[in-house]
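The structure appears below as structure tokens.
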Amino acid sequence: MKIVLAAILPRRARTKAEGTDRLLADYIERVARYTPCVSMLFDSEPSLLEWVDRQPGRAPAYAVLLDSRGKMFSSEDFAVQISRLRDSGTQNLVFAVGPADGWSAVARTRANLLLSFGPMTLPHQLARVVVAEQVYRALTIIAGHPYHSGH
């Protein structure tokens, strides 16, 4: 299973946030020890959705959109969700941070899962790091690695 950490961030809004970029790169490298993982930026919601729909594989890409109205999981339950997707044959698992004004109704309908890390709004760069860390945490839980240690 390949994991894609995606975000909608128009080129004009992209800045060098070296601290979060380094953290994101570190977690992508850690995730890649368990499964292929990449980060992608998109200029718009339609470009992300079109890209998701074009992904090759036996099954369509599984799109998880971060949304404050989405489902909340404990770290353990999130790990179970990822494990189930992997075991059911999901080839492309996409976690996406949405546009500044939130996801459209079309995107929320297209999503396989709306995921919430709580009702707070996070800056895009920080949300990208949080989702990367949580994916890494989930994979270590699945593998029985002590990173999570039950807290």
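Starting from 1 in every chain, residues are counted up; chains themselves are A, B, ... following the order of the structure tokens, and ligands are numbered from 1 as listed.
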
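Excluding A:Asn92 itself and same-chain residues fewer than 6 positions from it, the residues having an atom within 9 Å of it are Met1, Lys2, Ile3, Val4, Val52, Gln55, Pro56, Gly57, Ala59, Pro60, Ala61, Tyr62 and Ala63 of chain A, counting only C-alpha atoms.
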
Next, write the just-selected residues to a file, as a PDB file, in the first residue's frame, keeping C-alpha atoms as the atom set.
ATOM      1  CA  MET A   1       0.000   0.000   0.000  1.00  0.00           C
ATOM      2  CA  LYS A   2       1.279   3.448  -0.929  1.00  0.00           C
ATOM      3  CA  ILE A   3       0.432   6.412   1.299  1.00  0.00           C
ATOM      4  CA  VAL A   4       0.155   9.909  -0.121  1.00  0.00           C
ATOM      5  CA  VAL A  52      -7.124  10.845  -6.905  1.00  0.00           C
ATOM      6  CA  GLN A  55      -4.641   6.696  -9.682  1.00  0.00           C
ATOM      7  CA  PRO A  56      -3.911   3.285 -11.163  1.00  0.00           C
ATOM      8  CA  GLY A  57      -4.712   0.082  -9.339  1.00  0.00           C
ATOM      9  CA  ALA A  59      -9.392  -0.400  -6.818  1.00  0.00           C
ATOM     10  CA  PRO A  60      -9.853   3.372  -6.736  1.00  0.00           C
ATOM     11  CA  ALA A  61      -7.587   5.314  -4.398  1.00  0.00           C
ATOM     12  CA  TYR A  62      -9.009   5.574  -0.875  1.00  0.00           C
ATOM     13  CA  ALA A  63      -9.365   9.281  -0.067  1.00  0.00           C
TER      14      ALA A  63
END

Neighbours of A:Ile142 within 9 Å (only C-alpha atoms; same-chain residues fewer than 2 positions away dropped), as a short mmCIF file (atom, residue, chain, number, x, y, z; two decimals) with N, CA and C atoms, in the first residue's frame?
data_model
loop_
_atom_site.label_atom_id
_atom_site.label_comp_id
_atom_site.auth_asym_id
_atom_site.auth_seq_id
_atom_site.Cartn_x
_atom_site.Cartn_y
_atom_site.Cartn_z
N GLU A 76 -5.03 3.98 18.51
CA GLU A 76 -5.19 2.54 18.31
C GLU A 76 -6.26 2.25 17.26
N ALA A 79 -5.02 3.03 13.84
CA ALA A 79 -4.15 1.95 13.37
C ALA A 79 -4.99 0.78 12.84
N VAL A 80 -6.06 0.44 13.53
CA VAL A 80 -6.95 -0.63 13.07
C VAL A 80 -7.53 -0.27 11.71
N ILE A 82 -6.28 1.71 9.36
CA ILE A 82 -5.24 1.60 8.33
C ILE A 82 -4.93 0.13 8.05
N SER A 83 -4.86 -0.69 9.08
CA SER A 83 -4.61 -2.11 8.91
C SER A 83 -5.71 -2.78 8.09
N ARG A 137 2.64 6.77 13.65
CA ARG A 137 2.24 6.16 14.92
C ARG A 137 1.38 4.92 14.66
N ALA A 138 0.43 5.03 13.74
CA ALA A 138 -0.45 3.90 13.43
C ALA A 138 0.35 2.72 12.91
N LEU A 139 1.30 2.98 12.02
CA LEU A 139 2.10 1.89 11.46
C LEU A 139 2.97 1.24 12.52
N THR A 140 3.47 2.03 13.48
CA THR A 140 4.27 1.41 14.56
C THR A 140 3.37 0.58 15.48
N GLY A 144 3.80 -3.40 16.19
CA GLY A 144 4.19 -3.75 17.54
C GLY A 144 5.46 -3.04 18.01
N HIS A 145 5.81 -1.97 17.35
CA HIS A 145 6.99 -1.18 17.71
C HIS A 145 6.69 -0.38 18.99
#

Closest atom pairs, residues of stretch 47-109 of chain A within 9 Å of stretch 117-132 of chain A, only C-alpha atoms, as CSV:
residue,atom,partner,partner_atom,distance
A:Leu66,CA,A:Phe117,CA,7.8
A:Asp67,CA,A:Phe117,CA,8.1
A:Ser68,CA,A:Pro119,CA,5.1
A:Arg69,CA,A:Pro119,CA,7.6
A:Gly70,CA,A:Phe117,CA,8.4
A:Lys71,CA,A:Phe117,CA,8.3
A:Met72,CA,A:Phe117,CA,6.2
A:Phe73,CA,A:Phe117,CA,8.0
A:Phe95,CA,A:Val131,CA,7.6
A:Ala96,CA,A:Arg128,CA,8.3
A:Val97,CA,A:Arg128,CA,6.8
A:Gly98,CA,A:His124,CA,8.2
A:Pro99,CA,A:His124,CA,8.6
A:Ala100,CA,A:His124,CA,8.1

If you keep N, CA and C atoms, can you produce a file of those selected residues as a PDB file, in the first residue's frame?
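Result written to again_20.pdb:
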ATOM      1  N   LEU A  66      -9.109  15.458   5.687  1.00  0.00           N
ATOM      2  CA  LEU A  66      -9.121  16.013   7.034  1.00  0.00           C
ATOM      3  C   LEU A  66     -10.167  17.111   7.110  1.00  0.00           C
ATOM      4  N   ASP A  67     -11.095  16.946   8.045  1.00  0.00           N
ATOM      5  CA  ASP A  67     -12.234  17.855   8.159  1.00  0.00           C
ATOM      6  C   ASP A  67     -12.694  17.841   9.607  1.00  0.00           C
ATOM      7  N   SER A  68     -12.905  19.017  10.187  1.00  0.00           N
ATOM      8  CA  SER A  68     -13.300  19.083  11.605  1.00  0.00           C
ATOM      9  C   SER A  68     -14.637  18.395  11.864  1.00  0.00           C
ATOM     10  N   ARG A  69     -15.434  18.169  10.818  1.00  0.00           N
ATOM     11  CA  ARG A  69     -16.717  17.474  10.971  1.00  0.00           C
ATOM     12  C   ARG A  69     -16.583  15.971  10.808  1.00  0.00           C
ATOM     13  N   GLY A  70     -15.369  15.510  10.616  1.00  0.00           N
ATOM     14  CA  GLY A  70     -15.132  14.095  10.356  1.00  0.00           C
ATOM     15  C   GLY A  70     -15.124  13.244  11.606  1.00  0.00           C
ATOM     16  N   LYS A  71     -14.823  11.985  11.391  1.00  0.00           N
ATOM     17  CA  LYS A  71     -14.774  10.997  12.469  1.00  0.00           C
ATOM     18  C   LYS A  71     -13.450  11.129  13.227  1.00  0.00           C
ATOM     19  N   MET A  72     -13.541  11.013  14.541  1.00  0.00           N
ATOM     20  CA  MET A  72     -12.344  11.035  15.374  1.00  0.00           C
ATOM     21  C   MET A  72     -12.017   9.607  15.808  1.00  0.00           C
ATOM     22  N   PHE A  73     -10.737   9.307  15.851  1.00  0.00           N
ATOM     23  CA  PHE A  73     -10.245   7.995  16.245  1.00  0.00           C
ATOM     24  C   PHE A  73      -9.227   8.154  17.365  1.00  0.00           C
ATOM     25  N   PHE A  95      -4.249  10.828   2.255  1.00  0.00           N
ATOM     26  CA  PHE A  95      -4.688  11.702   3.341  1.00  0.00           C
ATOM     27  C   PHE A  95      -4.515  13.127   2.833  1.00  0.00           C
ATOM     28  N   ALA A  96      -5.600  13.911   2.856  1.00  0.00           N
ATOM     29  CA  ALA A  96      -5.520  15.241   2.255  1.00  0.00           C
ATOM     30  C   ALA A  96      -5.964  16.339   3.204  1.00  0.00           C
ATOM     31  N   VAL A  97      -5.139  17.373   3.286  1.00  0.00           N
ATOM     32  CA  VAL A  97      -5.457  18.603   4.011  1.00  0.00           C
ATOM     33  C   VAL A  97      -6.110  19.526   2.987  1.00  0.00           C
ATOM     34  N   GLY A  98      -7.252  20.079   3.345  1.00  0.00           N
ATOM     35  CA  GLY A  98      -8.075  20.808   2.386  1.00  0.00           C
ATOM     36  C   GLY A  98      -7.700  22.257   2.166  1.00  0.00           C
ATOM     37  N   PRO A  99      -8.505  22.907   1.334  1.00  0.00           N
ATOM     38  CA  PRO A  99      -8.270  24.319   1.030  1.00  0.00           C
ATOM     39  C   PRO A  99      -8.563  25.202   2.243  1.00  0.00           C
ATOM     40  N   ALA A 100      -8.079  26.422   2.189  1.00  0.00           N
ATOM     41  CA  ALA A 100      -8.217  27.346   3.318  1.00  0.00           C
ATOM     42  C   ALA A 100      -9.666  27.562   3.725  1.00  0.00           C
TER      43      ALA A 100
END

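Proximity to A:Ala111 at 8 Å, evaluated using only C-alpha atoms and with sequence-adjacent residues fewer than 3 positions away removed, yields Tyr62, Ala63, Val64, Leu65, Ala107, Arg108 and Leu114 of chain A.
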
Quiz item: When DSSP works through the backbone of this structure, what residues of chain A end up as strand (DSSP E or B), shown as a PyMOL selection string?
Solution: chain A and resi 2-8+37-42+62-71+92-97+113-115

Quiz prompt | Residue among A:Arg84, A:Asp26, A:Val94, A:Glu18 lying closest to A:Leu41, counting only C-alpha atoms | solution =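 Answer, going by the shortest atom-to-atom distance: A:Val94.
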
Exercise. Identify, on the basis of only C-alpha atoms, every residue whose closest approach to A:Ser47 does not exceed 12 Å; exclude the query and any residue fewer than 3 positions from it along the same chain; express the result as a list in words.
Key: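 The contact residues come out as Ala6, Ala7, Ile8, Leu9, Pro10, Met40, Leu41, Phe42, Asp43, Ser44, Glu50, Trp51, Val52, Asp53, Arg54, Gly98, Pro99 and Ala107 of chain A.
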
Could you please take those selected residues and save C-alpha atoms as a PDB file, in the first residue's frame?
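Done, and the output landed in result-v4.pdb:
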ATOM      1  CA  ALA A   6      -1.579  15.575   0.095  1.00  0.00           C
ATOM      2  CA  ALA A   7      -2.483  19.204   0.696  1.00  0.00           C
ATOM      3  CA  ILE A   8      -4.201  21.909  -1.262  1.00  0.00           C
ATOM      4  CA  LEU A   9      -1.918  24.884  -1.159  1.00  0.00           C
ATOM      5  CA  PRO A  10      -1.905  27.311  -4.099  1.00  0.00           C
ATOM      6  CA  MET A  40       2.164  16.079  -2.764  1.00  0.00           C
ATOM      7  CA  LEU A  41       0.854  19.625  -3.052  1.00  0.00           C
ATOM      8  CA  PHE A  42      -2.051  20.650  -5.268  1.00  0.00           C
ATOM      9  CA  ASP A  43      -3.139  24.099  -6.404  1.00  0.00           C
ATOM     10  CA  SER A  44      -6.860  23.434  -6.078  1.00  0.00           C
ATOM     11  CA  GLU A  50      -8.948  14.567 -10.486  1.00  0.00           C
ATOM     12  CA  TRP A  51      -5.546  13.203  -9.474  1.00  0.00           C
ATOM     13  CA  VAL A  52      -7.124  10.845  -6.905  1.00  0.00           C
ATOM     14  CA  ASP A  53      -9.558   9.532  -9.516  1.00  0.00           C
ATOM     15  CA  ARG A  54      -6.731   8.873 -12.006  1.00  0.00           C
ATOM     16  CA  GLY A  98      -8.075  20.808   2.386  1.00  0.00           C
ATOM     17  CA  PRO A  99      -8.270  24.319   1.030  1.00  0.00           C
ATOM     18  CA  ALA A 107     -15.229  16.721  -2.109  1.00  0.00           C
TER      19      ALA A 107
END

Quiz item: Could you write out, as a ChimeraX atom specification, all the residues of stretch 1-86 of chain A that DSSP marks as alpha helix (DSSP H)?
Solution: /A:18-31,45-53,75-86

For the residues selected in the previous step, produce a file with C-alpha atoms as a CSV table (one decimal), in the first residue's frame.
chain,number,residue,atom,x,y,z
A,18,GLU,CA,11.8,25.0,7.2
A,19,GLY,CA,10.8,23.7,10.6
A,20,THR,CA,7.6,22.0,9.5
A,21,ASP,CA,9.2,20.9,6.2
A,22,ARG,CA,12.0,19.1,8.1
A,23,LEU,CA,9.4,17.5,10.4
A,24,LEU,CA,7.3,16.4,7.5
A,25,ALA,CA,10.3,14.9,5.7
A,26,ASP,CA,11.4,13.1,8.8
A,27,TYR,CA,8.0,11.4,9.3
A,28,ILE,CA,7.7,10.6,5.6
A,29,GLU,CA,11.1,8.8,5.9
A,30,ARG,CA,9.9,7.0,9.0
A,31,VAL,CA,6.6,5.9,7.3
A,45,GLU,CA,-9.5,21.0,-4.8
A,46,PRO,CA,-10.5,20.0,-8.4
A,47,SER,CA,-6.9,19.2,-9.3
A,48,LEU,CA,-6.5,16.9,-6.2
A,49,LEU,CA,-9.8,15.1,-6.8
A,50,GLU,CA,-8.9,14.6,-10.5
A,51,TRP,CA,-5.5,13.2,-9.5
A,52,VAL,CA,-7.1,10.8,-6.9
A,53,ASP,CA,-9.6,9.5,-9.5
A,75,SER,CA,-4.5,6.2,17.9
A,76,GLU,CA,-5.2,2.5,18.3
A,77,ASP,CA,-8.5,2.7,16.4
A,78,PHE,CA,-6.7,4.7,13.6
A,79,ALA,CA,-4.1,2.0,13.4
A,80,VAL,CA,-6.9,-0.6,13.1
A,81,GLN,CA,-8.5,1.4,10.3
A,82,ILE,CA,-5.2,1.6,8.3
A,83,SER,CA,-4.6,-2.1,8.9
A,84,ARG,CA,-8.1,-3.0,7.6
A,85,LEU,CA,-7.5,-0.9,4.5
A,86,ARG,CA,-4.2,-2.5,3.9

Exercise. In Å, rounded to a single decimal, give me how far atom CA of A:Arg58 is from atom CA of A:Val135.
Key: 23.0 Å

Quiz item: What is the atom CA of A:Arg33-atom CA of A:Tyr136 distance in Å, reported with one decimal?
Solution: 9.5 Å

Self-check item: Top pick for closest residue to A:Tyr34, considering A:Ala143, A:Ser149, A:Gln91, A:Val106 and counting only C-alpha atoms
Solution: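 That would be A:Ala143, the residue with the smallest distance to A:Tyr34.
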
Practice problem: May I ask for the distance between atom CA of A:Pro146 and atom CA of A:Leu113, given in Å to one decimal place? | Solution: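 About the pair atom CA of A:Pro146 and atom CA of A:Leu113: they are 27.8 Å apart.
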